[in-house]
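Read through the structure below, which is laid out as structure tokens, and then see the notes.
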Amino acid sequence: MKFSNPRKSLLTLCILAASGCAVGPDFKTPAAPQTDRYTAQELPQQTAATDVKGGEAQTFAIGEQLPAQWWTLFGSDKLNTLVQAAFNGSPTSAAARAALRQAQENLNAQRGGFFPSIDANGSAQRQRGAVLAPGLGDAGVYNLYNASVSVAYTLDIFGGVRRGVEARAAAVDSQQFELQATYLTLAANVVTSSVGEAALRDQLAATQDIIKALENQLNIIEQRHQLGAAAFSDVLSARSNLAAVRATLPTYEKQLAAVQNQLAVYLGKLPSDFTASNFDIGELTLPQQLPLNVPSELVRRRPDVRSAEARMHEASAEIGVATANLLPQISLNGSFGSQTTEAAQLFKDKVWSFGAGITQPLFHGGTLTAQRRAAIAAYDQAAANYQNVVLKSFQNVADALSAVHSDAKALQAQYEAMSSAKSSLDLREKQLALGSISFLNLLDAQRQYQQTRINYSQALASRYQDTAALFQALGGDWDDTAALIQPVATAAESTKTPAQQ
């Protein structure tokens, strides 16, 4: 090839390089698992119902998409405010946003390989030549001034640069989905922690009510003992029962403090700065229509699955980079400037050069081939990790579906048990007033009612928490999260060469 017109030759080679094929495998999106259900057994389309708030039957809307802001389905402004506060204040979300920005800038840096590098050079030297030049005198001492602009460009004939850009673009996609997964997990944690806090406060209040009732009963039985109408053993039994119930208070207080401290961290606050919102579980509305993705759509809705797929894509592109490093590298370079022994003549005496070079790796001690084998192994690892994430995503949905059905049945049973225990307690209080039963019978009824009321509160909280867990497992429609996540360039746009844009 003749270089009679350097600029035309450079343009021709750049076009050839941009249109060349890229070595290495072309990534293909893995196929979705071929299944039409999440669980081994066919689950009913509707859960059991209980005639209380939070006990409504839930129906699965197959094929409907879950909205990104699924926590709003619980109908609580306090809950919505807490979730948004976590998005804004959590260090976890801030770290994920920073990681996304870093990946984007790494992509921008990698795209610089599409363009030639241009540098300005200048120097001034005082030197003595080994061969005396005419006019320099016997000493041969002179000044040398240089000023030039140099251009260097490596032709991407085998697509090494393009594969590198493709890898960085996939890394951006991975971090984008990681950010979405961070928001999804953070929202689920805030919802479940808020519900758990409300349930613990309710259980604490129920225990305190029972303690007051037992204290009143103890006063009565002590008075009856003083009058000779009750045995001292009844007094001892009443005191023992009251002490046993009081002993449960520290456990609930400890659990409540731990949940509140954890909620403070989710909101990005120190536990000492956290102010409880006195969130009441009765403020929530249990979603009765549960959107349920068809199984084939789950892998496109779960951000953790999409992130694992992007990492697999990144590993695939790195194979192309390692392969291109084994092949010849053709580079172009040129410079234009001035070189003179007199400062006044600088920029008057013009010098230029233009050339091309080729480098073919011959022997690097096995480094380049080992790097390619390592890239292939990294892809195999990413593919296995992707399969594992897919399996766990289906497990999460299956577990949540089973839990939603079980919770509805458990709430129904606990409500019936609590109602029966309350009726039994009321009856025995009347019987004790008439003297037809002993105080021990009343204490037994009180213990049963206390436990059933606490079990009911836990069962009610589980309905809300496992509904939130199902929403988290389904992923949601994260294409509608512009208000939460800043958009970045897509991989398809980022991998275009200058000739294609």
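In the structure tokens, each chain is lettered A, B, ... as it comes, each chain's residues begin at 1, and ligands are numbered from 1 in order of appearance.
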Contacts of segment 55-62 of chain A within 9 Å, only C-alpha atoms, excl. fewer than 4 positions in-chain, as a short mmCIF file (atom, residue, chain, number, x, y, z; two decimals) with C-alpha atoms, in the first residue's frame:
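Everything below was put into around.cif:
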```cif
data_model
loop_
_atom_site.label_atom_id
_atom_site.label_comp_id
_atom_site.auth_asym_id
_atom_site.auth_seq_id
_atom_site.Cartn_x
_atom_site.Cartn_y
_atom_site.Cartn_z
CA PRO A 44 -55.29 -22.87 44.47
CA GLN A 45 -55.90 -19.57 42.69
CA GLN A 46 -57.28 -18.07 45.89
CA THR A 47 -56.13 -18.18 49.51
CA ALA A 48 -58.29 -18.89 52.56
CA ALA A 49 -60.23 -15.97 54.02
CA THR A 50 -60.86 -14.81 57.60
CA ASP A 51 -63.50 -12.27 58.55
CA LEU A 286 -53.74 -6.39 52.36
CA PRO A 287 -53.47 -6.55 48.52
CA GLN A 288 -56.23 -8.88 47.37
CA GLN A 289 -55.12 -9.08 43.73
CA LEU A 290 -51.57 -10.44 43.47
CA PRO A 291 -50.01 -9.95 40.02
CA LEU A 292 -48.08 -13.10 39.13
CA ASN A 293 -45.63 -13.27 36.23
CA VAL A 294 -45.76 -16.34 34.04
CA VAL A 404 -48.92 -16.87 51.24
CA HIS A 405 -51.30 -19.84 51.18
CA ALA A 408 -53.93 -17.44 55.17
CA LEU A 411 -54.40 -16.73 60.37
CA GLN A 412 -57.78 -18.42 60.06
CA LEU A 460 -51.37 -11.39 60.85
CA ARG A 463 -49.52 -12.31 55.88
#
```
DSSP-assigned alpha helix (DSSP H) members of segment 228-388 of chain A, reported as a PyMOL selection string: chain A and resi 232-266+295-301+303-324+367-388
I need the chosen residues saved as a PDB file, in the first residue's frame, with C-alpha atoms.
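Result file is again.pdb:
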```
ATOM      1  CA  PHE A 232     -52.641 -19.930  99.952  1.00  0.00           C
ATOM      2  CA  SER A 233     -51.670 -22.276  97.121  1.00  0.00           C
ATOM      3  CA  ASP A 234     -54.000 -20.257  94.890  1.00  0.00           C
ATOM      4  CA  VAL A 235     -52.119 -17.087  95.853  1.00  0.00           C
ATOM      5  CA  LEU A 236     -48.801 -18.727  95.043  1.00  0.00           C
ATOM      6  CA  SER A 237     -50.103 -19.943  91.699  1.00  0.00           C
ATOM      7  CA  ALA A 238     -51.359 -16.459  90.827  1.00  0.00           C
ATOM      8  CA  ARG A 239     -48.027 -14.896  91.765  1.00  0.00           C
ATOM      9  CA  SER A 240     -46.101 -17.496  89.749  1.00  0.00           C
ATOM     10  CA  ASN A 241     -48.275 -16.974  86.688  1.00  0.00           C
ATOM     11  CA  LEU A 242     -47.887 -13.184  86.913  1.00  0.00           C
ATOM     12  CA  ALA A 243     -44.101 -13.473  87.261  1.00  0.00           C
ATOM     13  CA  ALA A 244     -43.926 -15.841  84.258  1.00  0.00           C
ATOM     14  CA  VAL A 245     -45.821 -13.397  82.045  1.00  0.00           C
ATOM     15  CA  ARG A 246     -43.736 -10.453  83.260  1.00  0.00           C
ATOM     16  CA  ALA A 247     -40.612 -12.431  82.330  1.00  0.00           C
ATOM     17  CA  THR A 248     -41.683 -12.382  78.663  1.00  0.00           C
ATOM     18  CA  LEU A 249     -41.650  -8.569  78.518  1.00  0.00           C
ATOM     19  CA  PRO A 250     -37.834  -8.183  78.228  1.00  0.00           C
ATOM     20  CA  THR A 251     -37.799 -10.583  75.292  1.00  0.00           C
ATOM     21  CA  TYR A 252     -40.358  -8.531  73.354  1.00  0.00           C
ATOM     22  CA  GLU A 253     -38.611  -5.296  74.308  1.00  0.00           C
ATOM     23  CA  LYS A 254     -35.280  -6.693  73.101  1.00  0.00           C
ATOM     24  CA  GLN A 255     -36.781  -7.818  69.791  1.00  0.00           C
ATOM     25  CA  LEU A 256     -38.538  -4.487  69.301  1.00  0.00           C
ATOM     26  CA  ALA A 257     -35.331  -2.518  69.944  1.00  0.00           C
ATOM     27  CA  ALA A 258     -33.400  -4.715  67.500  1.00  0.00           C
ATOM     28  CA  VAL A 259     -36.005  -4.200  64.750  1.00  0.00           C
ATOM     29  CA  GLN A 260     -36.069  -0.446  65.324  1.00  0.00           C
ATOM     30  CA  ASN A 261     -32.271  -0.275  65.223  1.00  0.00           C
ATOM     31  CA  GLN A 262     -32.231  -2.249  61.984  1.00  0.00           C
ATOM     32  CA  LEU A 263     -34.896  -0.005  60.494  1.00  0.00           C
ATOM     33  CA  ALA A 264     -32.771   3.031  61.431  1.00  0.00           C
ATOM     34  CA  VAL A 265     -29.839   1.573  59.475  1.00  0.00           C
ATOM     35  CA  TYR A 266     -32.082   0.946  56.456  1.00  0.00           C
ATOM     36  CA  PRO A 295     -42.612 -18.392  34.771  1.00  0.00           C
ATOM     37  CA  SER A 296     -41.013 -17.636  31.409  1.00  0.00           C
ATOM     38  CA  GLU A 297     -41.110 -13.896  32.226  1.00  0.00           C
ATOM     39  CA  LEU A 298     -39.477 -14.171  35.654  1.00  0.00           C
ATOM     40  CA  VAL A 299     -35.897 -14.087  34.337  1.00  0.00           C
ATOM     41  CA  ARG A 300     -36.631 -10.782  32.579  1.00  0.00           C
ATOM     42  CA  ARG A 301     -38.206  -9.225  35.684  1.00  0.00           C
ATOM     43  CA  PRO A 303     -32.852  -7.614  38.454  1.00  0.00           C
ATOM     44  CA  ASP A 304     -30.474 -10.101  40.088  1.00  0.00           C
ATOM     45  CA  VAL A 305     -31.010 -12.511  37.183  1.00  0.00           C
ATOM     46  CA  ARG A 306     -30.480  -9.721  34.654  1.00  0.00           C
ATOM     47  CA  SER A 307     -27.306  -8.690  36.472  1.00  0.00           C
ATOM     48  CA  ALA A 308     -25.972 -12.267  36.371  1.00  0.00           C
ATOM     49  CA  GLU A 309     -26.780 -12.385  32.647  1.00  0.00           C
ATOM     50  CA  ALA A 310     -24.867  -9.140  32.088  1.00  0.00           C
ATOM     51  CA  ARG A 311     -21.851 -10.534  33.956  1.00  0.00           C
ATOM     52  CA  MET A 312     -22.045 -13.574  31.701  1.00  0.00           C
ATOM     53  CA  HIS A 313     -22.084 -11.220  28.703  1.00  0.00           C
ATOM     54  CA  GLU A 314     -19.057  -9.383  30.084  1.00  0.00           C
ATOM     55  CA  ALA A 315     -17.127 -12.644  30.481  1.00  0.00           C
ATOM     56  CA  SER A 316     -18.021 -13.640  26.915  1.00  0.00           C
ATOM     57  CA  ALA A 317     -16.638 -10.367  25.553  1.00  0.00           C
ATOM     58  CA  GLU A 318     -13.416 -10.794  27.539  1.00  0.00           C
ATOM     59  CA  ILE A 319     -12.774 -14.019  25.591  1.00  0.00           C
ATOM     60  CA  GLY A 320     -12.752 -11.899  22.428  1.00  0.00           C
ATOM     61  CA  VAL A 321     -10.297  -9.456  23.995  1.00  0.00           C
ATOM     62  CA  ALA A 322      -7.940 -12.282  24.984  1.00  0.00           C
ATOM     63  CA  THR A 323      -8.235 -13.839  21.512  1.00  0.00           C
ATOM     64  CA  ALA A 324      -7.471 -10.555  19.764  1.00  0.00           C
ATOM     65  CA  THR A 367       1.021 -15.667  29.029  1.00  0.00           C
ATOM     66  CA  LEU A 368      -1.394 -14.782  26.221  1.00  0.00           C
ATOM     67  CA  THR A 369      -2.748 -18.309  25.727  1.00  0.00           C
ATOM     68  CA  ALA A 370      -3.131 -18.740  29.476  1.00  0.00           C
ATOM     69  CA  GLN A 371      -5.054 -15.461  29.647  1.00  0.00           C
ATOM     70  CA  ARG A 372      -7.434 -16.722  26.957  1.00  0.00           C
ATOM     71  CA  ARG A 373      -7.975 -20.011  28.802  1.00  0.00           C
ATOM     72  CA  ALA A 374      -8.609 -18.030  31.985  1.00  0.00           C
ATOM     73  CA  ALA A 375     -11.192 -15.899  30.140  1.00  0.00           C
ATOM     74  CA  ILE A 376     -12.967 -19.060  28.966  1.00  0.00           C
ATOM     75  CA  ALA A 377     -12.978 -20.422  32.514  1.00  0.00           C
ATOM     76  CA  ALA A 378     -14.362 -17.103  33.785  1.00  0.00           C
ATOM     77  CA  TYR A 379     -17.196 -17.385  31.261  1.00  0.00           C
ATOM     78  CA  ASP A 380     -17.969 -20.930  32.397  1.00  0.00           C
ATOM     79  CA  GLN A 381     -18.082 -19.674  35.985  1.00  0.00           C
ATOM     80  CA  ALA A 382     -20.387 -16.778  35.053  1.00  0.00           C
ATOM     81  CA  ALA A 383     -22.684 -19.176  33.174  1.00  0.00           C
ATOM     82  CA  ALA A 384     -22.878 -21.509  36.192  1.00  0.00           C
ATOM     83  CA  ASN A 385     -23.536 -18.559  38.507  1.00  0.00           C
ATOM     84  CA  TYR A 386     -26.310 -17.411  36.185  1.00  0.00           C
ATOM     85  CA  GLN A 387     -27.979 -20.814  36.345  1.00  0.00           C
ATOM     86  CA  ASN A 388     -27.721 -20.767  40.125  1.00  0.00           C
TER      87      ASN A 388
END
```
Distance criterion (only C-alpha atoms): nearest to Ile281 of chain A out of A:His225, A:Lys78, A:Arg37, A:Lys348: A:Lys78
Interatomic distance (Å, one decimal) between atom CA of Ala103 of chain A and atom CA of Val161 of chain A: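 Pair atom CA of Ala103 of chain A / atom CA of Val161 of chain A returns 16.8 Å.
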Surrounding residues of Ala187 of chain A excluding itself and chain neighbours under 3 positions, 12 Å, only C-alpha atoms, as JSON, numbers by chain: {"A": [68, 69, 70, 71, 72, 79, 80, 81, 82, 83, 84, 85, 86, 87, 88, 90, 92, 93, 180, 181, 182, 183, 184, 190, 191, 192, 193, 194, 263, 266, 267, 465, 468, 469, 471, 472, 475, 476, 484]}
Coordinates-based distance that separates atom CA of Val151 of chain A from atom CA of Ala109 of chain A (Å, one decimal):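 Atom-to-atom, atom CA of Ala109 of chain A and atom CA of Val151 of chain A are spaced 18.3 Å apart.
The shortest atom-to-atom distance to Ser462 of chain A, with only C-alpha atoms taken into account, belongs to A:Ala403 out of A:Ala403, A:Ile210, A:Ala433, A:Leu443.
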Residue with smallest distance to Arg201 of chain A - pool A:Gln223, A:Gln175, A:Ser457, A:Gln345, counting only C-alpha atoms: A:Ser457
Exercise: Tyr38 of chain A partners within 12 Å, only C-alpha atoms, chain neighbours under 2 positions left out, as a VMD selection string: chain A and resid 33 to 36 40 to 43 62 292 to 298 391 to 402 473 to 474
Atomic distance atom CA of Glu342 of chain A - atom CA of Ile118 of chain A, expressed in Å with one decimal: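 Result for atom CA of Glu342 of chain A versus atom CA of Ile118 of chain A: 26.1 Å, one decimal.
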All strand (DSSP E or B) residues (DSSP, backbone) inside segment 12-126 of chain A, as a count of residues only: 16
